[in-house]
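To start, the structure under review is shown below, and the notes come after it.
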Amino acid sequence: MIDSIISIVEAYEPMRNAIVLAAGKGTRMHSDVPKVLHEVCGVPMVELIVNTLKQAGAERVVTVTGFGHEMVESRLEGQCEFALQEPQLGTGHAVMQAKQLEGESGITVVVNGDVPCIRQETFEKLFLSCEEADMVVLTVKLEDPKAYGRIVREKDGSVQKIVEYKDCSEEEKTIKEINTGIYAFKNELLFTHGKEIKNDNAQQEYYITDLVELFKQAGHVVQAVEIEDPFEVQGVNDNVELAKANATMRKRINESWMRKGVTMVNPDATYIGPYVTFGKDVVLHPNVYLYGKTSIKDGTTILPQSYLDNAIIGSRTIINASEITDSEVKDDCKIGPYTHFRNGCIVEDKNRVGNFVEFKNVHFGVDSRCAHLTYLGDSDVGSKVNIGCGVITVNYDGANKYHTTIKDGAFVGSNSNLIAPVTIGENAVVAAGSTATIDVPDGDMAISRVRQENKEGYGKFYLERNRKKKAESKK
């Protein structure tokens, strides 16, 4: 019976839609990149907003693009729908370009694409509030409201009008509650009255704020929802405001994870993206940068100067001053300093990979060693393998990439070149200084180097001759 009631209630929940206004250039950014693609904590502002809307239950999100629309659409491909505003004739005109939502039922939130710090809870509050109203205006009170549009309320608390600062009376200028430019509408009414917006103003643009008056004239209910944190709805118009948004978001993310048990030696110097996740007893030292869908498991320590992007790090592992992108390091490993993993590497349990080592598309087996100054690319390395200093897998011939296989228990001596495609067998040895161009069978040793020749007395003669030349050049 209860399940049936829940199903009936859910069936009557209004559909949640959203329109993100992202058509502007952002002239004050002084950039060829559209403003909404500038990043906050490693993610473009507009992408943060789209994902926050979806977390709040938005089933359809339409992003209205304009300047640099190809770049915006490429970045958000698969995450939302698009509508092109061309030419750009104001916010009211922009909303009406989302024609794919016309005829939809439910509630539509409209938000600018440059408010990256807005919370999921705020969008949820807007959706819920609009179930009891026809239009909802998101507002905030500022000690110094400056030139923002003021919210004038009726005696019953509903919205009477939004007054632009230049049109405010002296009494209206004392109002501290301002319009954030974020709204929720009954979708059918949005498109009905959106067509009634006029452009009879100095700029000859269509303003979404005119909908308050149009809704009121039609007898619809216009309410306001006030939030407490002004930074949540702070628009980003230049690089100073972008830096403030980064600081606000970084503090919010860091405090959230510290409350869940992550230790940060200096949270002010710790940089974590919004999609990063942690297990228990993780320790982050200063100047670490964790972005993308990075995941760090229980008991792992990230030491200073580490950069991880879309990295999966196992339990009880230590990452020291290293860069890891699109790769996985499993349990009980010691990585770095100055190690670089990229392009889909998998480093299995109990490994030590050390100073100035680069892996590209490498599967590195359990309990193997690669301590320093080595490049491995497009390789499968078995378990209990030792890779000496200065080893290189030569995987590219200028046109194609080739694969190297190093089987369990093999030993590759220092300063060796493995010319791919090549296989080093189980328990095989490549002698130091060798260049392996053919497979080395299991248990064999490959030696490929010029035979040493010693010239008696020539070392002393050579050094004395050079010293004499150096002394004569100083005269």
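By order of appearance in the structure tokens: chains A, B, ..., then residues from 1 within every chain, and ligands from 1 in the order shown.
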
Produce a table with one row for each residue of stretch 27-127 of chain A that has an atom at most 12 Å from any atom of stretch 303-326 of chain A, each row naming the nearest atom pair and its distance in Å at one decimal; use only C-alpha atoms; arrange rows by chain and rising residue number; format as a Markdown table.
| residue | atom | partner | partner_atom | distance |
| --- | --- | --- | --- | --- |
| A:Cys41 | CA | A:Asp309 | CA | 11.9 |
| A:Gly42 | CA | A:Asp309 | CA | 9.5 |
| A:Val43 | CA | A:Asp309 | CA | 11.6 |

Print the selection's residues with N, CA and C atoms to a file, as a PDB file, in the first residue's frame.
ATOM      1  N   CYS A  41      38.507  25.398 -10.002  1.00  0.00           N
ATOM      2  CA  CYS A  41      38.938  24.110  -9.453  1.00  0.00           C
ATOM      3  C   CYS A  41      39.050  23.049 -10.549  1.00  0.00           C
ATOM      4  N   GLY A  42      39.586  23.471 -11.690  1.00  0.00           N
ATOM      5  CA  GLY A  42      39.896  22.534 -12.756  1.00  0.00           C
ATOM      6  C   GLY A  42      38.756  22.178 -13.672  1.00  0.00           C
ATOM      7  N   VAL A  43      37.583  22.812 -13.513  1.00  0.00           N
ATOM      8  CA  VAL A  43      36.410  22.490 -14.337  1.00  0.00           C
ATOM      9  C   VAL A  43      35.833  23.794 -14.888  1.00  0.00           C
TER      10      VAL A  43
END

Residues near A:Ile162, cut-off 7 Å, only C-alpha atoms, skip fewer than 5 positions along chain, as a CSV table (one decimal) with C-alpha atoms, in the first residue's frame:
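Generated file (result27.csv):
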chain,number,residue,atom,x,y,z
A,149,GLY,CA,18.5,45.6,-9.3
A,150,ARG,CA,16.4,45.9,-6.1
A,151,ILE,CA,13.6,43.5,-5.1
A,152,VAL,CA,10.4,45.3,-4.1
A,209,THR,CA,13.4,40.8,-15.6

Residues of stretch 69-178 of chain A within 6 Å of stretch 232-248 of chain A: nearest atom pair and distance (Å, one decimal) for each, counting only C-alpha atoms, sorted by chain and number, as a Markdown table?
| residue | atom | partner | partner_atom | distance |
| --- | --- | --- | --- | --- |
| A:Asp114 | CA | A:Gly235 | CA | 5.3 |
| A:Val115 | CA | A:Gly235 | CA | 4.8 |
| A:Cys117 | CA | A:Glu232 | CA | 4.8 |
| A:Ile118 | CA | A:Glu232 | CA | 4.6 |

Take the residues from that selection and put them in a file with C-alpha atoms, as a CSV table (one decimal), in the first residue's frame.
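What ended up in again_35.csv:
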chain,number,residue,atom,x,y,z
A,114,ASP,CA,29.1,32.3,-14.8
A,115,VAL,CA,27.9,31.5,-11.2
A,117,CYS,CA,29.7,28.4,-6.8
A,118,ILE,CA,26.0,27.9,-6.7

* Per DSSP on the backbone, filter stretch 393-461 of chain A down to the residues in helix (DSSP H, G or I) and report them as number ranges by chain. => A: 458-461

* To do: Enumerate as JSON, numbers by chain all residues of stretch 224-367 of chain A assigned to strand (DSSP E) by DSSP on the backbone, naming them with the chain letters and numbers the document uses.
  => {"A": [224, 225, 226, 227, 263, 264, 270, 271, 272, 277, 278, 283, 284, 288, 289, 290, 291, 295, 296, 301, 302, 307, 308, 309, 310, 311, 312, 313, 318, 319, 323, 324, 325, 326, 327, 328, 329, 334, 335, 339, 340, 341, 342, 346, 347, 352, 353, 354, 355, 356, 357, 358, 359, 360, 361, 362, 363, 364]}

Expected file: the selected residues, C-alpha atoms, as an mmCIF file, in the first residue's frame:
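What ended up in part.cif:
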data_model
loop_
_atom_site.group_PDB
_atom_site.id
_atom_site.type_symbol
_atom_site.label_atom_id
_atom_site.label_comp_id
_atom_site.auth_asym_id
_atom_site.auth_seq_id
_atom_site.Cartn_x
_atom_site.Cartn_y
_atom_site.Cartn_z
ATOM 1 C CA ALA A 224 11.250 35.288 -3.982
ATOM 2 C CA VAL A 225 13.624 32.812 -2.391
ATOM 3 C CA GLU A 226 16.430 34.400 -0.407
ATOM 4 C CA ILE A 227 19.800 32.733 0.126
ATOM 5 C CA THR A 263 43.962 15.181 6.690
ATOM 6 C CA MET A 264 45.291 18.296 4.944
ATOM 7 C CA THR A 270 45.703 22.037 -1.384
ATOM 8 C CA TYR A 271 43.816 22.024 -4.691
ATOM 9 C CA ILE A 272 40.976 19.525 -5.168
ATOM 10 C CA THR A 277 36.870 11.233 -4.008
ATOM 11 C CA PHE A 278 38.750 9.895 -0.972
ATOM 12 C CA VAL A 283 46.916 12.518 4.135
ATOM 13 C CA LEU A 284 47.459 15.403 1.710
ATOM 14 C CA VAL A 288 49.122 18.882 -4.282
ATOM 15 C CA TYR A 289 46.707 19.217 -7.209
ATOM 16 C CA LEU A 290 43.968 16.620 -7.587
ATOM 17 C CA TYR A 291 41.609 17.026 -10.541
ATOM 18 C CA SER A 295 39.995 8.568 -6.529
ATOM 19 C CA ILE A 296 42.324 7.989 -3.581
ATOM 20 C CA THR A 301 49.647 9.758 1.425
ATOM 21 C CA ILE A 302 50.157 12.365 -1.296
ATOM 22 C CA TYR A 307 49.617 16.483 -9.747
ATOM 23 C CA LEU A 308 46.895 13.858 -10.327
ATOM 24 C CA ASP A 309 44.215 14.068 -13.022
ATOM 25 C CA ASN A 310 41.785 11.168 -13.576
ATOM 26 C CA ALA A 311 44.042 8.983 -11.442
ATOM 27 C CA ILE A 312 43.006 6.006 -9.315
ATOM 28 C CA ILE A 313 45.319 5.473 -6.342
ATOM 29 C CA ILE A 318 52.774 6.976 -1.215
ATOM 30 C CA ILE A 319 52.899 9.435 -4.127
ATOM 31 C CA GLU A 323 52.383 13.526 -12.114
ATOM 32 C CA ILE A 324 49.791 10.845 -12.806
ATOM 33 C CA THR A 325 47.113 11.297 -15.485
ATOM 34 C CA ASP A 326 44.514 8.819 -16.789
ATOM 35 C CA SER A 327 46.267 5.993 -14.927
ATOM 36 C CA GLU A 328 45.947 3.670 -11.939
ATOM 37 C CA VAL A 329 48.364 2.862 -9.128
ATOM 38 C CA LYS A 334 55.932 3.913 -3.468
ATOM 39 C CA ILE A 335 55.973 6.310 -6.384
ATOM 40 C CA THR A 339 57.617 10.070 -11.693
ATOM 41 C CA HIS A 340 55.232 10.562 -14.617
ATOM 42 C CA PHE A 341 52.476 8.083 -15.542
ATOM 43 C CA ARG A 342 50.162 8.812 -18.495
ATOM 44 C CA ILE A 346 48.289 0.364 -14.554
ATOM 45 C CA VAL A 347 50.836 -0.125 -11.774
ATOM 46 C CA ARG A 352 58.551 0.866 -6.325
ATOM 47 C CA VAL A 353 58.836 3.338 -9.198
ATOM 48 C CA GLY A 354 61.266 6.123 -8.491
ATOM 49 C CA ASN A 355 63.156 9.206 -9.525
ATOM 50 C CA PHE A 356 62.643 10.615 -13.025
ATOM 51 C CA VAL A 357 60.772 7.634 -14.461
ATOM 52 C CA GLU A 358 58.136 7.980 -17.168
ATOM 53 C CA PHE A 359 55.543 5.332 -18.060
ATOM 54 C CA LYS A 360 53.200 5.695 -21.024
ATOM 55 C CA ASN A 361 50.548 3.005 -21.598
ATOM 56 C CA VAL A 362 52.376 0.516 -19.371
ATOM 57 C CA HIS A 363 51.016 -2.406 -17.352
ATOM 58 C CA PHE A 364 53.587 -2.869 -14.581
#

* Asked: Between A:Val137, A:Val40, A:Ala83, A:Ile175, which has the minimum distance to A:Val159 (counting only C-alpha atoms)?
  ->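 Closest to A:Val159 of all the choices is A:Val137.
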
* Asked: Do you have the atom CA of A:Ala432-atom CA of A:Ala420 distance handy?
  ->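 Separating atom CA of A:Ala432 from atom CA of A:Ala420 is a distance of 17.6 Å.
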
* Asked: Can you list, as a list in words, every protein, DNA or RNA residue that comes within 10 Å of A:Leu89 when you count only C-alpha atoms, leaving out same-chain residues fewer than 4 positions away?
  ->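 What passes the distance filter is Gln85, His93, Ala94, Asn199, Gln203, Gln204, Glu205, Tyr206 and Tyr207 of chain A.
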